[in-house]
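Each remark here refers to the structure printed beneath this line.
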Amino acid sequence: MTQFLLQIALAGLAQGSLFALTALGLVMIYNASSVVNFAHGAMGMAATYVAYVLIARFEVPFALAFAAALVAAFVLGAVVQAVFLARLRNAPLLSQVVVTLGLFMLLEGLMGIAFGYNPRPMRESIAIAPVILGDLVLRPQDVLQLALLLILGVALAAFFAATKVGLGMRAITENTYAARLMGIPVGRLLAIAWGTGVALSAVAAVLAAPTTSVTPNMMDTIVVYGFVAAIVGGFGSMAGALVGGLILGVVVNLIDAFLAPELAMSIVFGLLLLVLYVRPDGLFGRAQVQKV
Amino acid sequence: MMGLSKHKEEQMQHVLSRSLAVLALTVASVTTAGIASSQTATAPGATVEGDTIVFGQTAAQSGPQAPIGASKWGLEAFIASVNANGGVAGKKLRLISYDDGYQPAQTTALDKKLVYEDRVFAIVGSIGSPTTAAVYKALNEEHVPLLSMGSGSPIFYEPGLKYVFPSWPIYTTDGETMGNYVKKHFPGQAAAVIYQDDGFGKPILAGIKKSLGKVDLEIPYVPSQVDFSSAVIKLKSSGIKVVMLATIATSGAQILNQMDSLSYHPTRILTSSACGYGGIFGAIKSLEGTYCTAFLPPPGSSDPQWVEFANAMQKYGQGHPPDIYAAWGWLAGQVAYAGLEKIKGPITRDALVAQLETLRNFDTIAGKINYSPERHEGSCCQLLWQAKGGKWEIVPDSQFNGSAMK
Amino acid sequence: MQRRLVIAILVACAVLPIAFQALGQRQVYWLFVISEFYVFAIVAISLDLLMGRSGQISLGQSGFVALGAYTAAILNQRFNVDLPLGMLAGAATAAVASLVLGFPATRLRGHYLGIVTLGFGIAIDQIALKWDALTGGDQGIHLHRPALFGVDAGTPVRMYYVALVALVVAVLLVRGLTQTRIGRAFAAIKDSEVAAAAMGVPVARTKVLAFIVSAFLAGAAGGIYAFLAGFVAPEDFGIESSLLFFAMVVIGGMGSIPGAIGGAVVVDAVKNAAATVSGLSLALLGGMIVLVVLFFPGGLKGLLRTRRIRRERRPAPKGVVRQDA
């Protein structure tokens with residue numbers, strides 16, 4: 001039983017690392033621009049098609065294709081910010097959120113037109129045989145996912161603490177208007193934040209692809225859990241998103257194993273409502289004062 | 001309405017009363033004029049009058065279920081080859097096929113279009129359980145034949161309806177095929193079922209239990225689920241040796257890949273709905289040795305029915321490959337043709353139904369099918385495929401309608 | 001002049017079935033399609049009330065439609081409950097659900113509601129699929145032929161009038177509501193929650209109220225839809241259809257009833273015209289949403305108005321500080 005629980009927890013953490021990566025990107029974008037990016041998963045999905053085409057058609061090695069997908073995701077995020085959202089700087093927040101929903105539909109539709117809805121297979125991220133310890137199977141891709149999450153988490157923390165760009169972003173999070181007055185290049189920083197955020201979604205998408213296969217809606221479920229992880233983490237705290245994602249992964253796998261896998265998302269949302277009743281700012285969020 | 005100024009309130013009342021009065025008047029006049037009484041139950045076009053018999057079909061061409069819409073091309077190829085040979089009963093055939101996106105509400109609207117606007121003679125080869133479930137009762141009441149729908153859901157077989165003619169084996173047959181094979185070849189081994197928790201997966205589970213007696217572990221899931229780690233871990237740690245998968249294509253692929261990644265290699269049996277698509281050998285790494293229930297010969301088979309279909313697809317398939325989905329459409333064409341061919345005299349819907357009900361053991365690409373006034377059975381029996389060397393082969397002791405599978 | 005136009009459209013809709021007599025039996029299809037459109041327009045109006053008037057996003061509007069439809073269908077199947085009562089029961093169920101959902105959701109910052117309603121839509125779908133003893137699972141529920149106060153209402157013409165009357169009532173209801181103090185409170189909240197609170201508007205209560213009325217209307221539409229189609233199944237109420245309703249409101253122009261109805265016309269047209277290519281209608285609608293927000297913030301409605309007043313137009317004052325920046 002402990003073996004079994006351990007294996008479930010391990011699978012949960014691995015899956016949770018995908019939720020956490022998605023949530024990290026969401027929070028990064030939200031902190032910079034106050035926009036919940038509903039196109040987040042779709043943008044990561046679109047970047048995954050870059051990796052897919054490179055691997056399937058040009059037989060590029062996985063690592064290289066992965067890197068190309070990240071570059072594509074960064075460019076996509078930055079362009080979306082600079083072209084679409086920058087124009088809406090003075091529009092109501094609702095309009096900005098609506099645009100991301102439009103982009104979600106547009107990207108899923110375009111990939112559907114280009115590649116169809118037949119699931120396309122994606123090669124395993126690393127071709128190493130699983131390590132077997134007694135009854136416990138250690139999957140190399142699980143380890144890779146968790147390691148990447150931790151490395152990126154630490155890198156992001158360092159980025160915000162020590163680099164000029166990171167400090168500028170924190171200033172924007174505090175007060176965009178004041179940051180602009182202080183001469184911080186807000187536009188450029190927003191583009192970088194969006195690019196990095198979407199790249200994080202692409203990391204999750206490419207890592208998920210061997211399991212989900214590559215389809216236009218491959219990220220739909222993952223990104224919804226990413227939203228939940230971000231809310232649980234307080235939607236604003238990167239550390240909260242990371243921990244929230246990992247916890248959610250374990251919770252989902254426990255529901256799958258012991259309760260009702262066919263109702264997993266319903267149960268998760270029921271739990272989320274409960275959490276929000278008790279703590280409106282999430283488990284790890286601090287109460288926010290609304291600024292005018 | 002609180003807070004409403006007196007003036008506004010009066011205006012509102014005014015508009016409200018005036019518009020309701022207009023409506024009431026019209027409703028009254030339309031109804032009393034006896035217009036509403038022209039809505040009778042039977043649909044137009046019960047008798048073929050021109051030189052063309054028109055079939056109607058709904059099949060998803062968009063959305064996540066779009067791949068199954070390829071059945072349209074098989075039906076088109078069948079119709080083209082019949083017409084090339086002079087048609088049937090002195091008439092040519094024509095198909096009007098609409099995309100319902102696998103949404104029952106769309107199917108409801110589109111079938112009304114097919115029946116009342118396009119005045120088709122019969123609905124042939126429409127795809128999907130929930131989509132067909134939305135319309136089969138209405139079509140039966142309108143006396144419009146519904147032939148060879150793409151579903152083995154028990155609701156279309158029991159209790160049978162006069163104008164409804166399924167052609168697939170009922171889904172419980174998939175389960176019985178699996179169960180019987182496991183009982184014969186893997187007796188005493190711990191067996192489990194992963195099933196989609198709906199009208200597709202549950203009848204298969206019922207069929208398995210009926211033929212196998214009991215299963216050691218049952219795991220439900222929903223199609224939106226993407227990570228099956230927990231399910232696979234559970235199977236593995238329970239010492240399951242035989243896993244039967246009542247899944248659709250995407251979930252089946254995900255589960256088998258998870259098994260591989262967790263170094264878990266039980267005997268695996270998929271259902272016909274999960275292994276018909278072309279890319280399966282690329283999508284599942286460890287497919288070798290996997291079984292699959294089927295009511296059609298595997299792609300590339302030398303079965304004469306399959307060869308005829310594949311040749312027709314090459315000629316009339318408009319570039320679409322002869323895959324399982326297209327074969328569903330071909331099968332639907334065969335069923336419709338078999339009834340039409342025997343009609344003497346005017347071609348009416350009731351004549352078609354009467355002739356279909358005389359068909360015993362008639363040969364289709366899906367084996368032999370039986371219809372009678374008492375029962376509209378689909379194909380009775382199934383094959384078992386096995387993945388060998390990158391393609392599907394028929395398991396030697398399984399054959400259509402043969403005693404071996406019974 | 002506007003009122004006269006509205007009355008003219010109304011009369012045209014009311015006499016349409018007479019003109020359709022010329023179509024013979026083909027009218028069965030056309031009456032159905034237009035009735036269905038009226039029902040969808042009610043949902044669009046309900047969502048517009050939420051998004052366009054009070055500035056909240058719902059991505060699970062079809063969840064409320066589903067609750068209404070299933071309530072009506074189950075009551076009809078088990079207890080032979082008829083159209084008016086079934087519709088009201090459906091609306092009430094949806095309103096109660098919105099209350100449970102709305103209280104925590106509206107206490108939060110705005111976009112949370114988008115995510116919570118998204119989850120709600122998915123959950124309703126899963127539960128309808130799972131609880132098949134009640135809902136028939138994926139095989140759905142077939143309803144009995146509808147009756148209205150003991151009179152058979154199952155003919156296409158009669159269902160057409162049921163849908164039309166329902167749409168007119170919904171329009172009048174929302175119109176009436178927006179002209180009351182409550183409606184002004186909605187608008188104040190949409191502009192700025194903080195400012196609204198400062199003016200003494202009970203923000204949370206008003207947001208929940210908008211949510212409840214919206215859900216009530218969507219539930220009523222669901223109830224009528226169940227009787228119109230005669231069949232209810234989970235696949236019809238997924239995220240895809242929520243997105244369609246969302247597209248109707250945005251493309252039509254938020255905060256306008258004619259806009260919502262016009263948006264419903266456009267979305268219906270695109271959906272049907274682009275149906276043969278996988279993904280095309282989704283891409284087109286998504287693209288239209290982006291274009292509308294970027295270039296025509298008033299949507300269809302705004303487009304018409306801009307033309308009329310282009311000459312006298314002055315650039316809108318800029319430099320308004322974003323709400324929570």
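Chain identifiers are assigned as A, B, and so on, following the order in which chains appear in the structure tokens; residues are numbered from 1 within each chain, and ligands are numbered from 1 in order of appearance.
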Run DSSP on the backbone and tell me which residues of range 214-318 of chain B come out as strand (DSSP E or B); list them as a ChimeraX atom specification. /B:217-221,242-246,267-270,291-294
Okay, now the selection with C-alpha atoms, as a short mmCIF file (atom, residue, chain, number, x, y, z; two decimals), in the first residue's frame?
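Final output, selection18.cif:
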```
data_model
loop_
_atom_site.label_atom_id
_atom_site.label_comp_id
_atom_site.auth_asym_id
_atom_site.auth_seq_id
_atom_site.Cartn_x
_atom_site.Cartn_y
_atom_site.Cartn_z
CA LEU B 217 -10.77 -4.52 -11.38
CA GLU B 218 -13.01 -1.99 -13.15
CA ILE B 219 -11.73 1.53 -13.82
CA PRO B 220 -14.03 4.17 -15.33
CA TYR B 221 -12.76 7.34 -17.02
CA VAL B 242 -4.98 -8.96 -18.80
CA VAL B 243 -6.32 -5.46 -19.47
CA MET B 244 -9.41 -4.95 -21.64
CA LEU B 245 -9.86 -1.37 -22.83
CA ALA B 246 -13.35 -0.14 -23.66
CA THR B 267 -2.02 -8.65 -22.36
CA ARG B 268 -4.00 -5.78 -23.89
CA ILE B 269 -7.25 -5.90 -25.84
CA LEU B 270 -8.68 -2.78 -27.47
CA TYR B 291 -5.38 -7.43 -29.64
CA CYS B 292 -8.34 -5.55 -30.98
CA THR B 293 -11.96 -6.55 -31.48
CA ALA B 294 -13.26 -5.67 -34.93
#
```
Using DSSP on the backbone coordinates, identify the residues of range 171-276 of chain B assigned to helix (DSSP H, G or I); present them as number ranges by chain. B: 171-185, 201-212, 229-237, 249-261, 272-274
Return the neighbours of chain A among the residues of chain B, cut-off 6 Å, counting only C-alpha atoms, as a ChimeraX atom specification. /B:64,221-222,226,230,254,283
Of C:Ile45, C:Ala8, C:Ala97, C:Ala196, the one nearest to Gly259 in chain C when counting only C-alpha atoms is C:Ile45
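Put simply, CA of Leu93 in chain A is 16.7 Å away from CA of Lys207 in chain C.
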Determine, using only C-alpha atoms, which residues of chain A have any atom at most 6 Å from an atom of chain C, and tabulate each with its shortest atom pair and distance in Å to one decimal place, rows ordered by chain and then rising number, as CSV.
```
residue,atom,partner,partner_atom,distance
A:Val99,CA,C:Val290,CA,5.2
A:Gly102,CA,C:Gly286,CA,4.1
A:Leu103,CA,C:Gly286,CA,5.9
A:Met105,CA,C:Gly286,CA,4.6
A:Leu106,CA,C:Ala283,CA,4.0
A:Gly109,CA,C:Ala283,CA,4.1
A:Leu110,CA,C:Ala283,CA,5.6
A:Gly112,CA,C:Gly279,CA,4.7
A:Ile113,CA,C:Gly279,CA,5.2
A:Asn175,CA,C:Ala325,CA,5.4
A:Thr176,CA,C:Ala325,CA,5.6
A:Ser266,CA,C:Ala123,CA,4.4
A:Tyr277,CA,C:Pro104,CA,5.3
A:Lys291,CA,C:Asp324,CA,5.0
A:Val292,CA,C:Asp324,CA,5.5
```
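Coordinates place CA of Ile128 in chain A at a distance of 25.9 Å from CA of Val71 in chain A.
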So which residues touch range 163-173 of chain C within 6 Å, counting only C-alpha atoms, skipping near sequence neighbours fewer than 3 positions away, as an NGL selection string? :C and (35 or 38 or 42 or 160 or 176)
Export, as a tab-separated table (two decimals), in the first residue's frame, the selected residues with all heavy atoms.
```tsv
chain	number	residue	atom	x	y	z
C	35	SER	N	-36.85	29.15	-34.51
C	35	SER	CA	-37.21	29.03	-33.10
C	35	SER	C	-35.96	28.80	-32.26
C	35	SER	O	-35.77	29.41	-31.19
C	35	SER	CB	-38.16	27.85	-32.88
C	35	SER	OG	-39.20	27.87	-33.80
C	38	TYR	N	-34.15	31.93	-31.76
C	38	TYR	CA	-34.75	32.78	-30.72
C	38	TYR	C	-34.26	32.35	-29.33
C	38	TYR	O	-33.95	33.18	-28.48
C	38	TYR	CB	-36.28	32.71	-30.74
C	38	TYR	CG	-36.93	33.37	-31.95
C	38	TYR	CD1	-38.20	32.98	-32.36
C	38	TYR	CD2	-36.28	34.37	-32.65
C	38	TYR	CE1	-38.80	33.58	-33.46
C	38	TYR	CE2	-36.86	34.96	-33.75
C	38	TYR	CZ	-38.13	34.57	-34.16
C	38	TYR	OH	-38.71	35.15	-35.23
C	42	ILE	N	-31.96	34.41	-26.52
C	42	ILE	CA	-32.25	34.65	-25.10
C	42	ILE	C	-30.99	34.42	-24.28
C	42	ILE	O	-30.65	35.20	-23.38
C	42	ILE	CB	-33.37	33.71	-24.60
C	42	ILE	CG1	-34.68	34.00	-25.34
C	42	ILE	CG2	-33.59	33.88	-23.09
C	42	ILE	CD1	-35.81	33.05	-24.99
C	160	TYR	N	-42.79	27.76	-32.44
C	160	TYR	CA	-42.21	29.01	-32.94
C	160	TYR	C	-42.72	30.18	-32.11
C	160	TYR	O	-41.95	31.03	-31.67
C	160	TYR	CB	-42.57	29.19	-34.41
C	160	TYR	CG	-42.17	30.53	-34.99
C	160	TYR	CD1	-40.92	30.70	-35.58
C	160	TYR	CD2	-43.02	31.63	-34.92
C	160	TYR	CE1	-40.54	31.93	-36.09
C	160	TYR	CE2	-42.64	32.86	-35.42
C	160	TYR	CZ	-41.41	33.00	-36.01
C	160	TYR	OH	-41.04	34.22	-36.50
C	176	GLY	N	-36.20	46.48	-19.01
C	176	GLY	CA	-36.79	47.08	-17.82
C	176	GLY	C	-35.78	47.15	-16.70
C	176	GLY	O	-35.59	48.19	-16.07
```
With 6 Å as the limit and counting only C-alpha atoms, what residues in chain C lie close to chain B? Please list them as a VMD selection string. chain C and resid 14 26 29 138 to 139 180 to 181 231 235 to 236 278
Create the file for the chosen residues now, containing N, CA and C atoms and written as a compact mmCIF listing (two decimals), in the first residue's frame.
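Result saved to selection.txt:
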```txt
# COMPACT_ATOMS: atom_id res chain seq x y z
N ALA C 14 -43.93 37.93 -36.20
CA ALA C 14 -45.21 37.32 -35.84
C ALA C 14 -45.94 36.74 -37.05
N ARG C 26 -41.56 22.19 -46.07
CA ARG C 26 -40.20 22.68 -45.81
C ARG C 26 -40.18 23.62 -44.62
N TYR C 29 -38.57 22.63 -41.13
CA TYR C 29 -37.17 22.89 -40.86
C TYR C 29 -36.93 24.36 -40.53
N ASP C 138 -24.95 9.81 -21.67
CA ASP C 138 -24.71 10.39 -22.99
C ASP C 138 -25.85 10.08 -23.97
N GLN C 139 -26.77 9.21 -23.57
CA GLN C 139 -27.88 8.92 -24.48
C GLN C 139 -29.04 9.88 -24.27
N THR C 180 -33.80 50.48 -14.30
CA THR C 180 -34.06 50.71 -12.88
C THR C 180 -32.78 51.11 -12.17
N ARG C 181 -32.91 51.33 -10.85
CA ARG C 181 -31.73 51.66 -10.07
C ARG C 181 -30.73 50.50 -10.12
N PHE C 231 -35.25 16.69 -26.98
CA PHE C 231 -34.14 15.83 -26.59
C PHE C 231 -33.05 16.66 -25.92
N GLU C 235 -23.55 16.55 -24.59
CA GLU C 235 -22.65 17.09 -25.62
C GLU C 235 -23.06 18.48 -26.10
N ASP C 236 -24.35 18.82 -25.91
CA ASP C 236 -24.81 20.10 -26.43
C ASP C 236 -24.42 21.28 -25.56
N SER C 278 -12.74 21.61 -40.80
CA SER C 278 -12.41 21.44 -39.39
C SER C 278 -11.72 22.68 -38.84
```
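For Ser98 in chain C, the set of protein, DNA and RNA residues having any atom at most 9 Å away, when counting only C-alpha atoms and skipping those fewer than 2 positions along the same chain, is Phe64, Thr93, Ala94, Ala95, Val96, Val100, Leu101, Gly102, Phe103, Val208, Phe211, Ile212, Val213, Ser214, Ala215 and Phe216 of chain C.
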